[in-house]
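Q: I'd like to ask you about the structure that follows.
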Amino acid sequence: MATLTKQQIGSVLAKQGILIAFVVFIIAFTIANPRFLSPDNILSVVRSSAILGVMALGVTFVVISGNLDLSVGSMMSFSTIVVLDLHDKIGPAMAIPVMFAMTIALGALIGFLVGYLKLNSLIVTLGMLSAIHGLTLTYSGGQNMDIADKEGTWFSVFGQGTAMGIPVPILIFVALAALLGLVLSKTAFGRKVYAVGGNGTAATFSGIRRARTVFLCYIMSATCVATAGLIQASRSLGSQNTVGQGLELEVLAAVILGGASLLGGSGTIFKTVIGVLILGFIQNGLLLMGLQFYVQFIVTWVIIILAVWLDIAAKRGKLWSPIA
Amino acid sequence: MSDPVLRLEGIVKTFPGVRALDGVSFSVMPGEVHALMGENGAGKSTLMKVLGGIHQPNEGHIFMGDEKAVMAGPLEAKAKGIVFIHQELSLAEELSVAENIYLGELPRKSFGRVDWSTLEENTNTILKKLNVGFDATTRVGDLSIANQQMVEIARALTVDAKAVIFDEPTASLTDAEKSVLFDVIADLKADGVGIIYISHRMEEIFKITDRISVLRDGQYQGTVNTRDSNEESVTQMMIGRKLDLSRNASHHELGDVALEVRGLSCGKLYSDISFEVRRGEVVGFYGLVGAGRTEIAETLFGLRDPSGGQILLNGEEVRISSPADAIARGISLVPEDRKGQGLVLGMNCRDNMTLPQVDDLKAGPFVAEGAEIAIFDQYRDRLDIRTPGWKQQVGNLSGGNQQKIVIGKWLSMHPNVLIVDEPTRGIDVGSKSEIHKLLRELAAQGYAVMVISSEMPEVLHVSDRTVAMYSGQIMRTFTSDEVTEDNLIQAISGIKSGQAA
Amino acid sequence: MTLRTTLIASTAIAFAGAAFADGHSPMKIGITQNNVGVDSYQTTYEKAFIAAAEANDKVESVVLDAGGDVARQIAQMEDLIQQEVDAIIIWPTNGEAVIPAVRKAHQAGIPVIVTNSNIAEAGFDFVKSFSGPDNITQGARSAEIMCDKFKDMGIENEAQVVHITGQPGYTTAIERAKGFEDRLPEVCPSVTVVDTQPGDWNREKSQQVMEAFLVKYDDIDGVYAGDDNMGVGALNAAKAAGRDGIIFVGATNFAVGYEAMAAGDYWGSIYQSPVDDAEAALQTAIDVLSGADVPFLNYFDTPKITQDNMGDYTKPVF
Amino acid sequence: MKPGTLSKSLKSGAIWGFIVLELIFFSIAGEFLSLSDKAFMDWENMLLLLKQSAPIGIIAMGMTIVMVNGNIDLSVGATFAIAAIVLLDSMTWPIFAGLGDWVIPVAWLLALAVGAMLGALNGFIVWKTGVDAFIVTLGSMLGYRGIVFMFNGEQPTSHLNWTLVDFAEAEFLGLATASWFLLGVTLVIWFVMAKTVHGRNAYAIGDNREAAVNAGIRVGPHMMINFAIIGFLAALSAVVFYSESGSVNPNDGQLYELWVITAVVLGGTKITGGAGSVIGTFGGVIAIQLLRKGLGHIGADTSTVNLVIGLILIAVLILDRQLNVKGKEELKV
């Protein structure tokens with residue numbers, strides 16, 4: 001009986017471990033500082049997590065398909081700079097679709113290299129991280145981009161507006177999460193993404209066009225990045241070339257925290273959202289506790305490893321690795 | 001008689017909720033070849049892991065000679081003289097033959113250097129015994145699968161082994177290589193080594209073993225002398241019922257030609273292949289590994305581009321450039337590598353089964369899950385797939401049930417042509433006969449079926465006609481009246497009989 | 001080998017004065033910048049430098065960028081020495097780590113001019129001149145701007161300030177923070193700095209930091225940011241949260257800061273032009289090579305700019 | 001000649017061909033674009049190149065072992081910074097006050113020990129938890145960087161010891177100290193990988209971990225040793241570099257992991273493990289440094305450098321892919 005109970009606990013932990021950890025953090029931080037759970041703070045954390053979150057949604061597709069995307073940070077800088085630049089040149093109504101088209105073109109290039117040419121995604125996106133940064137600097141001439149008329153543009157609605165008292169970035173994040181959650185869990189495309197990531201050869205032997213599926217995952221990722229760039233640009237109406245630098249690792253950390261396996265084939269949008277929120281609340285909570293910024297680094301380290309460790313430990317039914 | 005080299009006494013191994021081994025006791029005498037048989041899931045591999053020190057038994061003991069032996073890990077098992085020849089190749093492709101044979105115990109010089117000259121010398125001595133055509137410095141990745149298997153076997157000869165355990169060693173060997181292997185076993189036997197031989201192949205078991213021990217559902221069923229028993233009685237011990245292994249031929253009318261291949265070639269893999277498959281007919285493809293059978297199937301399924309020739313479906317010439325293409329034209333392939341090519345092990349049963357038609361099962365923008373479950377239920381019942389439910393991960397099923405999922409996946413596509421590559425490789429006897437029966441039934445229902453197999457009894461049992469292949473070419477096509485074991489073996493060994501079909 | 005280079009270089013220097021005065025062979029001046037592209041100040045600096053060098057037909061320039069990496073900067077110093085340029089201008093990535101490399105140039109007889117942020121004192125012996133803003137004074141002036149405003153508002157006895165610093169580890173960030181934190185208690189002893197976090201010279205990062213500050217502290221009267229980019233990020237956060245009446249003071253007046261000032265949202269900053277910075281550095285190098293007398297600390301002026309006096313200054317181009 | 005020898009030698013030679021191409025390109029382009037009267041392929045310049053390759057190169061040797069092993073280490077940049085801090089800070093510790101210049105070897109040893117320990121910690125976590133090395137070191141890349149900042153806040157840690165600087169700047173037989181260290185480390189790691197049991201086992205583990213386990217190789221401790229080696233080498237790189245520069249910013253070494261991995265992959269090491277050579281990595285390191293130096297030589301700006309390096313990395317992958325294509329008969333999966 002005792003083993004059975006232990007097993008049940010194990011399986012609950014395995015399925016909902018990350019959610020439980022999340023609740024524990026919230027309680028701990030709330031005890032430390034009651035302000036933590038104030039509606040203002042929650043809204044503020046979710047809003048500032050929205051950009052990271054939107055990017056993480058796309059990367060979830062890429063990771064489930066068994067690949068990586070380290071280029072999302074510099075791609076986000078690119079889309080932010082481009083839309084800000086075009087805003088004054090061709091007007092926001094045109095700037096937004098043009099920026100999306102340009103960003104998606106970059107995603108298509110990566111998707112082509114990884115999907116159709118079957119190149120290693122870690123190295124391809126590492127190369128693109130550098131190349132897109134160069135592209136952005138060339139595009140902007142290294143200058144900050146700012147919108148001339150900051151008060152008069154409706155463009156600010158995506159980053160600064162509210163609807164029904166809720167900031168628009170949150171609405172975009174939630175809507176996109178719901179939409180992509182449905183795509184991943186309910187559509188044929190989503191099913192194929194899992195199949196390709198779980199066993200690419202078997203997927204091919206089942207008539208799934210693997211290259212096309214991977215390609216579309218990078219298109220998804222680029223679309224999410226473009227959306228994040230839009231929110232970012234609209235939020236600050238001006239930006240530096242380095243605005244997205246380093247975000248690729250935070251995004252990846254969020255997706256991994258959510259329980260997606262780097263080997264592909266597992267993960268969900270819901271879990272990624274939890275991963276994003278955990279990162280956001282940890283950062284915010286530590287800041288509220290008045291801890292130095294570097295404590296965040298160390299805590300994030302410990303939490304990432306613990307979360308992934310407990311997740312795989314529950315799956316294998318053993319805490320310690322069987323490696324001799 | 002002398003003392004046993006290895007004795008198991010009441011071994012019990014439990015996992016949460018499962019009694020994987022329940023009181024297994026038998027002994028292996030020096031110079032004995034001892035067969036261990038049982039269906040998949042009967043506990044053979046768990047028992048091997050206990051012997052190899054990967055699992056510790058909950059109850060019972062292992063004795064080596066007179067001494068009680070505790071295997072704390074693979075190294076200790078090896079040190080005590082137990083050597084494993086694994087079924088799944090366990091080699092490092094980038095390393096040389098010598099390094100693979102002595103993996104884990106490379107000879108050392110000062111500063112931790114590898115003693116290359118000793119290593120090569122020792123390796124070449126062993127390779128000589130095995131009479132193989134490669135040397136110690138060859139890179140393993142450059143060897144054929146069969147030669148890689150020989151490297152695996154060579155490992156057994158490196159240590160002063162007391163007991164050698166062969167786990168399905170002949171799965172990818174040619175007949176010539178098999179006979180070398182049997183010579184090696186005979187040598188070991190003569191040296192007084194105890195051998196445990198695990199195989200599903202009855203003819204081998206009866207050819208080389210002295211005694212047979214049988215497991216069923218983790219329980220020890222007993223040990224019999226090989227010469228006192230026969231296939232039927234052993235099978236009965238394993239599954240508790242009789243097997244039908246008679247020849248088979250269609251008694252129904254054959255339909256139109258569903259698939260015709262004319263002069264198909266693919267580089268060096270095969271050339272000038274011509275055959276046809278009618279509705280209601282099972283055509284068997286028999287030959288050695290590497291004869292080009294699987295490659296033909298892969299070409300028909302759009303996984304390889306042919307370099308010449310024609311493929312006709314229902315009399316119409318087609319070009320098939322991808323599996324999606326093949327599926328759209330009604331061709332289905334049950335691939336030879338179930339885990340690698342057939343299934344996404346981390347996915348559930350239902351999703352695996354409906355994977356090729358997920359685009360067609362639509363409810364608005366979404367996949368129609370109700371329709372999927374209906375399909376799954378239908379084929380679960382029809383194929384008697386034993387699983388707790390569609391949500392079960394395929395990776396948790398037994399080999400036979402996994403194979404049935406793959407077959408169900410392709411049957412549910414209602415194909416014009418069903419290609420089945422090694423349909424029963426590595427699955428237990430019970431599931432095997434069920435699958436054979438199913439293939440016959442499918443033909444009776446009017447399917448055109450191609451069966452590729454390396455097992456002669458299987459080919460003889462299920463085929464209406466048998467295509468014998470050798471080195472990328474069709475040697476001869478036999479009707480079920482013509483075919484005998486002898487002329488089939490001659491044909492696949494490259495001996496022309498002059499009676500082309 | 002070292003001897004040979006030294007000989008060649010010192011011979012070159014010996015003739016330098018005369019040769020350059022005649023205007024025959026152009027002066028080859030190499031510069032290694034800190035991290036071009038990280039913000040528009042450095043980009044504008046680079047462009048201004050190239051423009052100024054091109055405008056002067058007595059000068060040829062080799063422009064290198066260390067990308068923020070000390071190792072790369074030291075390698076670039078070595079490259080410039082190896083290329084036998086006549087003078088080297090360095091914008092240090094780390095004010096101490098580059099000292100040995102600067103010494104090497106000195107030993108090779110190549111005069112070194114430090115630009116924008118100075119190297120540590122231990123290296124002063126190997127440097128001809130420093131040309132750039134006085135970052136400590138800048139920090140101090142920002143403290144004064146803020147204090148004066150608090151006094152105007154009459155809250156100099158209770159005001160609470162949060163401080164957003166630049167990228168951790170960069171000299172400019174450290175010096176400005178030091179200047180601000182040393183000076184503020186001198187001018188406004190009752191004002192407290194309640195919290196300090198880095199904003200990494202990044203507007204977005206700074207906005208996030210400020211959002212957390214706003215939740216944590218109900219009463220924030222002033223924000224000091226290490227530059228206007230971060231200051232505007234903090235301003236955006238305050239606007240979004242609907243918190244009025246906060247005094248924002250920054251440094252390095254960027255165009256965004258100037259605009260925010262014009263809109264009345266942002267109180268003050270330090271006017272520092274990368275064009276002045278670049279031109280001053282080049283001129284210092286030319287002066288050194290021409291044998292003119294150059295002061296060791298060659299600061300260019302970086303005045304205070306607030307809503308009150310911003311009319312006196314043109315809008316920055318970066 | 002066995003089949004495949006040509007394509008194999010083409011592959012292992014590709015990096016050297018690429019280096020020659022770079023040299024030719026920069027020499028010619030330099031004639032038109034560079035200010036310097038000296039040729040790019042000047043002997044002194046090439047010696048300088050070797051020296052400047054040292055910081056990345058020494059770490060890349062460790063990364064080769066770890067990647068052949070089937071793992072990866074993203075935390076080397078942070079380890080590099082911590083070792084530098086320990087090196088420079090420990091020289092000022094009061095307990096060592098009486099040592100005079102003998103504090104130098106003590107500080108070196110301390111820094112190297114700390115580096116090896118941090119590496120071993122990564123390895124230990126990978127071994128014991130079974131979490132993928134990518135995730136473990138992604139985490140410690142953050143965590144170790146946090147430790148860097150904990151040391152001295154945002155301030156740089158500095159200690160200029162001219163004896164040390166003179167040693168680091170010294171030249172022996174025309175080669176700088178850093179160059180000697182790079183060559184020495186390359187030689188030692190080449191020896192380990194090609195000649196020793198440990199090295200051969202590293203290939204076996206990366207190629208087929210299951211096989212290695214079955215053969216009784218203790219995979220866990222083996223991987224931990226390799227992580228300790230890369231930690232040690234990251235520290236050695238810091239020791240060599242900071243002995244000369246004497247001051248470390250808390251964000252030093254950031255992005256080093258990317259440069260190092262780029263060099264190792266350019267050098268032909270398989271990212272999935274089991275294959276790779278130390279000599280190839282050496283070529284990769286030289287190729288990268290040559291590219292950076294050459295682009296500076298012809299006056300390319302930052303954006304071009306980023307663009308070119310990113311594109312070259314992808315181009316090399318495509319080339320590698322093309323060399324590995326077996327022809328039309330290949331199975332299309």
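Scheme for the structure tokens: letters A, B, ... for chains in order shown; per-chain residue numbers from 1; ligand numbers from 1 in order shown.
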Just the residues within 12 Å of region 108-111 of chain D, please, counting only C-alpha atoms, with nothing from its chain fewer than 2 positions along; format it as an MDAnalysis selection string.
A: chainID D and resid 79:91 96 101:106 113:118 164 231:243
Q: Could the residues in this selection be written to a file with N, CA, C and O atoms, as a compact mmCIF listing (two decimals), in the first residue's frame?
A:
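File written: selection-v1.txt
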# COMPACT_ATOMS: atom_id res chain seq x y z
N THR D 79 32.75 30.63 -15.80
CA THR D 79 33.84 30.00 -15.07
C THR D 79 35.14 30.78 -15.30
O THR D 79 35.92 31.01 -14.36
N PHE D 80 35.33 31.19 -16.54
CA PHE D 80 36.47 32.02 -16.92
C PHE D 80 36.55 33.27 -16.02
O PHE D 80 37.60 33.59 -15.45
N ALA D 81 35.41 33.94 -15.85
CA ALA D 81 35.38 35.17 -15.06
C ALA D 81 35.65 34.87 -13.59
O ALA D 81 36.39 35.61 -12.92
N ILE D 82 35.05 33.80 -13.07
CA ILE D 82 35.27 33.48 -11.65
C ILE D 82 36.75 33.18 -11.40
O ILE D 82 37.35 33.68 -10.44
N ALA D 83 37.35 32.38 -12.27
CA ALA D 83 38.75 32.04 -12.09
C ALA D 83 39.61 33.30 -12.12
O ALA D 83 40.55 33.44 -11.33
N ALA D 84 39.26 34.23 -13.02
CA ALA D 84 40.02 35.47 -13.10
C ALA D 84 39.92 36.25 -11.79
O ALA D 84 40.92 36.79 -11.29
N ILE D 85 38.71 36.29 -11.23
CA ILE D 85 38.53 37.01 -9.97
C ILE D 85 39.35 36.36 -8.87
O ILE D 85 40.05 37.03 -8.10
N VAL D 86 39.29 35.03 -8.79
CA VAL D 86 40.05 34.33 -7.75
C VAL D 86 41.54 34.63 -7.93
O VAL D 86 42.24 34.94 -6.97
N LEU D 87 42.01 34.57 -9.15
CA LEU D 87 43.43 34.84 -9.43
C LEU D 87 43.84 36.21 -8.91
O LEU D 87 44.81 36.35 -8.17
N LEU D 88 43.08 37.23 -9.32
CA LEU D 88 43.50 38.60 -9.02
C LEU D 88 43.22 38.96 -7.57
O LEU D 88 44.01 39.65 -6.93
N ASP D 89 42.10 38.47 -7.05
CA ASP D 89 41.73 38.83 -5.69
C ASP D 89 42.65 38.15 -4.68
O ASP D 89 43.08 38.77 -3.71
N SER D 90 42.97 36.88 -4.94
CA SER D 90 43.72 36.13 -3.92
C SER D 90 45.11 36.72 -3.72
O SER D 90 45.70 36.55 -2.66
N MET D 91 45.63 37.40 -4.73
CA MET D 91 46.97 37.97 -4.58
C MET D 91 47.00 39.08 -3.53
O MET D 91 48.06 39.44 -3.06
N PHE D 96 48.32 35.69 2.42
CA PHE D 96 49.43 35.44 1.51
C PHE D 96 50.44 36.60 1.53
O PHE D 96 51.36 36.64 0.72
N ASP D 101 56.47 37.63 -4.23
CA ASP D 101 56.03 37.22 -5.56
C ASP D 101 55.68 35.74 -5.61
O ASP D 101 55.13 35.26 -6.60
N TRP D 102 55.97 35.02 -4.52
CA TRP D 102 55.56 33.62 -4.49
C TRP D 102 54.04 33.48 -4.41
O TRP D 102 53.50 32.39 -4.54
N VAL D 103 53.38 34.62 -4.21
CA VAL D 103 51.92 34.58 -4.19
C VAL D 103 51.39 34.21 -5.58
O VAL D 103 50.30 33.68 -5.73
N ILE D 104 52.21 34.47 -6.60
CA ILE D 104 51.73 34.24 -7.97
C ILE D 104 51.38 32.78 -8.22
O ILE D 104 50.25 32.49 -8.60
N PRO D 105 52.32 31.85 -7.99
CA PRO D 105 51.94 30.45 -8.21
C PRO D 105 50.78 30.00 -7.33
O PRO D 105 49.95 29.20 -7.76
N VAL D 106 50.74 30.55 -6.10
CA VAL D 106 49.63 30.17 -5.22
C VAL D 106 48.30 30.62 -5.82
O VAL D 106 47.33 29.87 -5.88
N ALA D 113 42.20 25.50 -9.41
CA ALA D 113 41.43 24.57 -8.59
C ALA D 113 39.96 24.96 -8.61
O ALA D 113 39.07 24.11 -8.75
N VAL D 114 39.69 26.25 -8.48
CA VAL D 114 38.30 26.71 -8.49
C VAL D 114 37.64 26.38 -9.83
O VAL D 114 36.52 25.87 -9.89
N GLY D 115 38.36 26.62 -10.92
CA GLY D 115 37.82 26.30 -12.25
C GLY D 115 37.48 24.83 -12.37
O GLY D 115 36.40 24.45 -12.81
N ALA D 116 38.43 23.99 -11.94
CA ALA D 116 38.21 22.55 -12.04
C ALA D 116 37.01 22.14 -11.19
O ALA D 116 36.20 21.29 -11.57
N MET D 117 36.87 22.77 -10.02
CA MET D 117 35.76 22.43 -9.14
C MET D 117 34.42 22.83 -9.74
O MET D 117 33.44 22.08 -9.67
N LEU D 118 34.36 24.02 -10.32
CA LEU D 118 33.10 24.45 -10.93
C LEU D 118 32.73 23.53 -12.09
O LEU D 118 31.56 23.16 -12.25
N LEU D 164 54.10 39.66 -12.71
CA LEU D 164 53.22 38.75 -13.41
C LEU D 164 53.02 39.20 -14.86
O LEU D 164 53.10 38.40 -15.79
N GLY D 231 36.50 22.91 -17.06
CA GLY D 231 36.52 23.96 -16.04
C GLY D 231 37.96 24.40 -15.78
O GLY D 231 38.26 25.59 -15.70
N PHE D 232 38.85 23.42 -15.68
CA PHE D 232 40.26 23.70 -15.45
C PHE D 232 40.81 24.54 -16.60
O PHE D 232 41.51 25.53 -16.39
N LEU D 233 40.47 24.16 -17.82
CA LEU D 233 41.01 24.88 -18.98
C LEU D 233 40.42 26.28 -19.09
O LEU D 233 41.11 27.22 -19.49
N ALA D 234 39.13 26.43 -18.72
CA ALA D 234 38.55 27.78 -18.71
C ALA D 234 39.33 28.64 -17.72
O ALA D 234 39.62 29.81 -17.97
N ALA D 235 39.67 28.03 -16.57
CA ALA D 235 40.44 28.76 -15.57
C ALA D 235 41.86 29.04 -16.08
O ALA D 235 42.40 30.13 -15.87
N LEU D 236 42.44 28.06 -16.76
CA LEU D 236 43.80 28.26 -17.29
C LEU D 236 43.80 29.40 -18.31
O LEU D 236 44.69 30.25 -18.32
N SER D 237 42.77 29.43 -19.13
CA SER D 237 42.63 30.51 -20.09
C SER D 237 42.57 31.85 -19.38
O SER D 237 43.24 32.82 -19.76
N ALA D 238 41.80 31.89 -18.29
CA ALA D 238 41.69 33.12 -17.51
C ALA D 238 43.03 33.47 -16.89
O ALA D 238 43.46 34.63 -16.89
N VAL D 239 43.71 32.47 -16.35
CA VAL D 239 44.99 32.69 -15.69
C VAL D 239 45.99 33.29 -16.69
O VAL D 239 46.68 34.26 -16.39
N VAL D 240 46.04 32.70 -17.87
CA VAL D 240 46.99 33.19 -18.88
C VAL D 240 46.63 34.61 -19.29
O VAL D 240 47.48 35.49 -19.36
N PHE D 241 45.34 34.83 -19.53
CA PHE D 241 44.93 36.13 -20.04
C PHE D 241 45.03 37.23 -18.98
O PHE D 241 45.56 38.30 -19.22
N TYR D 242 44.53 36.94 -17.76
CA TYR D 242 44.47 38.00 -16.76
C TYR D 242 45.79 38.24 -16.06
O TYR D 242 45.97 39.25 -15.41
N SER D 243 46.73 37.30 -16.19
CA SER D 243 48.07 37.59 -15.69
C SER D 243 48.61 38.79 -16.44
O SER D 243 49.34 39.60 -15.91
Q: Write out, as a tab-separated table, each residue of region 119-175 of chain C that has an atom at most 12 Å from region 248-272 of chain C, together with the closest pair of atoms and their distance in Å to one decimal, counting only C-alpha atoms, rows going by chain and rising number.
A:
residue	atom	partner	partner_atom	distance
C:Gly132	CA	C:Gln272	CA	9.7
C:Pro133	CA	C:Gln272	CA	7.6
C:Asp134	CA	C:Gln272	CA	10.2
C:Asn135	CA	C:Ala251	CA	9.4
C:Ile136	CA	C:Ala251	CA	11.4
C:Thr137	CA	C:Ile270	CA	10.1
C:Gln138	CA	C:Ile270	CA	6.7
C:Gly139	CA	C:Ala251	CA	7.8
C:Ala140	CA	C:Ile270	CA	10.4
C:Arg141	CA	C:Ile270	CA	7.7
C:Ser142	CA	C:Val249	CA	6.5
C:Ala143	CA	C:Val249	CA	8.4
C:Glu144	CA	C:Val249	CA	10.0
C:Ile145	CA	C:Gly268	CA	6.8
C:Met146	CA	C:Val249	CA	6.6
C:Cys147	CA	C:Val249	CA	10.3
C:Asp148	CA	C:Gly268	CA	10.8
C:Lys149	CA	C:Trp267	CA	8.4
C:Phe150	CA	C:Trp267	CA	11.0
C:Val161	CA	C:Phe248	CA	9.7
C:Val162	CA	C:Phe248	CA	9.9
C:His163	CA	C:Val249	CA	9.8
C:Ile164	CA	C:Gly250	CA	9.4
C:Thr165	CA	C:Gly250	CA	10.1
C:Gly166	CA	C:Ala251	CA	10.6
C:Thr172	CA	C:Ala251	CA	10.8
C:Ala173	CA	C:Ala251	CA	10.6
Q: Keeping only C-alpha atoms, take the residues you just selected and write them out as a PDB file, in the first residue's frame.
A:
ATOM      1  CA  GLY C 132      36.402  62.823 -22.575  1.00  0.00           C
ATOM      2  CA  PRO C 133      33.688  63.690 -20.121  1.00  0.00           C
ATOM      3  CA  ASP C 134      34.233  63.659 -16.412  1.00  0.00           C
ATOM      4  CA  ASN C 135      31.857  60.902 -15.411  1.00  0.00           C
ATOM      5  CA  ILE C 136      32.242  61.447 -11.695  1.00  0.00           C
ATOM      6  CA  THR C 137      31.394  65.113 -12.109  1.00  0.00           C
ATOM      7  CA  GLN C 138      28.475  64.108 -14.283  1.00  0.00           C
ATOM      8  CA  GLY C 139      27.125  61.914 -11.525  1.00  0.00           C
ATOM      9  CA  ALA C 140      27.641  64.695  -9.044  1.00  0.00           C
ATOM     10  CA  ARG C 141      25.896  67.203 -11.301  1.00  0.00           C
ATOM     11  CA  SER C 142      22.918  64.877 -11.679  1.00  0.00           C
ATOM     12  CA  ALA C 143      22.719  64.736  -7.899  1.00  0.00           C
ATOM     13  CA  GLU C 144      22.750  68.508  -7.811  1.00  0.00           C
ATOM     14  CA  ILE C 145      20.026  68.793 -10.474  1.00  0.00           C
ATOM     15  CA  MET C 146      17.844  66.451  -8.494  1.00  0.00           C
ATOM     16  CA  CYS C 147      18.538  68.098  -5.174  1.00  0.00           C
ATOM     17  CA  ASP C 148      17.823  71.568  -6.543  1.00  0.00           C
ATOM     18  CA  LYS C 149      14.494  70.387  -7.895  1.00  0.00           C
ATOM     19  CA  PHE C 150      13.577  68.782  -4.576  1.00  0.00           C
ATOM     20  CA  VAL C 161      15.109  58.233  -4.637  1.00  0.00           C
ATOM     21  CA  VAL C 162      15.670  55.058  -6.628  1.00  0.00           C
ATOM     22  CA  HIS C 163      18.807  54.601  -8.679  1.00  0.00           C
ATOM     23  CA  ILE C 164      19.067  52.662 -11.952  1.00  0.00           C
ATOM     24  CA  THR C 165      22.664  52.048 -12.922  1.00  0.00           C
ATOM     25  CA  GLY C 166      24.258  51.170 -16.265  1.00  0.00           C
ATOM     26  CA  THR C 172      31.180  54.823 -17.006  1.00  0.00           C
ATOM     27  CA  ALA C 173      28.417  53.142 -15.011  1.00  0.00           C
TER      28      ALA C 173
END
Q: Could you give me, as a tab-separated table, every chain C residue with an atom at most 7 Å from chain D, plus its closest atom pair and distance in Å to one decimal, counting only C-alpha atoms, rows ordered by chain then number?
A:
residue	atom	partner	partner_atom	distance
C:Val36	CA	D:Thr302	CA	7.0
C:Val62	CA	D:Leu35	CA	7.0
C:Val63	CA	D:Gly299	CA	6.8
C:Leu64	CA	D:Gly296	CA	6.3
C:Asp65	CA	D:Thr302	CA	6.6
C:Asp69	CA	D:Asp252	CA	6.8
C:Ala75	CA	D:Gln52	CA	5.9
C:Gln82	CA	D:Asn45	CA	6.9
C:Gln83	CA	D:Ser36	CA	5.5
C:Asn94	CA	D:Asn249	CA	6.6
C:Glu96	CA	D:Ser247	CA	5.4
C:Ala97	CA	D:Ser247	CA	4.4
C:Val98	CA	D:Ser245	CA	6.0
C:Ile99	CA	D:Ser245	CA	6.9
C:Pro100	CA	D:Ser245	CA	5.9
C:Pro168	CA	D:Glu154	CA	4.6
C:Gly169	CA	D:Glu154	CA	4.7
Q: What residues in chain A lie within 9 Å of chain D, counting only C-alpha atoms, written as a ChimeraX atom specification?
A: /A:113,117-120,122-138,141-142,200-201,204-205,210,249,253,256,262,292-305,308-310,312-313,319-324
Q: Show me, as a ChimeraX atom specification, the residues of chain B whose atoms get within 9 Å of chain A, using only C-alpha atoms for the distance check.
A: /B:16-17,73,301,303,322-327,332-335,338-347,351-352,355-362,365-369,409-410
Q: Could you check the closest approach to chain A for each of C:Thr171, C:Thr115, C:Gln107, C:Gln208 and tell me which residue wins, using only C-alpha atoms?
A: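 Smallest separation from chain A among the options: C:Gln208.
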Q: Provide as a ChimeraX atom specification the residues of chain C at most 9 Å from chain A, counting only C-alpha atoms.
A: /C:36-44,195-198,202-205,207-209,211-213,215-216,229,232-233,236,240-241,255-256,318
Q: Taking the DSSP secondary structure from the backbone, can you list the residues of region 146-237 of chain A that are strand (DSSP E or B), as a list in words?
A: Asp146, Thr162, Ala163, Ile166 and Pro167 of chain A
Q: Put those residues in a file: all heavy atoms, as a short mmCIF file (atom, residue, chain, number, x, y, z; two decimals), in the first residue's frame.
A:
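Once written, selection-v6.cif looks like this:
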data_model
loop_
_atom_site.label_atom_id
_atom_site.label_comp_id
_atom_site.auth_asym_id
_atom_site.auth_seq_id
_atom_site.Cartn_x
_atom_site.Cartn_y
_atom_site.Cartn_z
N ASP A 146 13.44 55.86 -32.90
CA ASP A 146 12.36 56.46 -32.12
C ASP A 146 11.27 56.99 -33.03
O ASP A 146 11.55 57.49 -34.12
CB ASP A 146 12.91 57.59 -31.25
CG ASP A 146 13.48 57.07 -29.96
OD1 ASP A 146 12.67 56.77 -29.06
OD2 ASP A 146 14.71 56.93 -29.85
N THR A 162 -5.12 49.63 -22.76
CA THR A 162 -5.82 48.66 -21.91
C THR A 162 -7.21 48.44 -22.49
O THR A 162 -7.75 49.30 -23.18
CB THR A 162 -5.99 49.16 -20.46
OG1 THR A 162 -6.66 50.42 -20.51
CG2 THR A 162 -4.67 49.29 -19.75
N ALA A 163 -7.74 47.27 -22.23
CA ALA A 163 -9.13 47.00 -22.59
C ALA A 163 -9.76 46.31 -21.39
O ALA A 163 -9.16 45.37 -20.85
CB ALA A 163 -9.20 46.11 -23.83
N ILE A 166 -7.58 45.69 -18.51
CA ILE A 166 -6.43 44.79 -18.62
C ILE A 166 -5.50 45.29 -19.72
O ILE A 166 -5.96 45.64 -20.81
CB ILE A 166 -6.90 43.35 -18.96
CG1 ILE A 166 -7.85 42.88 -17.86
CG2 ILE A 166 -5.71 42.42 -19.10
CD1 ILE A 166 -8.53 41.59 -18.18
N PRO A 167 -4.22 45.35 -19.42
CA PRO A 167 -3.27 45.84 -20.43
C PRO A 167 -3.33 44.99 -21.70
O PRO A 167 -3.43 43.76 -21.62
CB PRO A 167 -1.92 45.70 -19.76
CG PRO A 167 -2.21 45.68 -18.29
CD PRO A 167 -3.55 45.06 -18.15
#
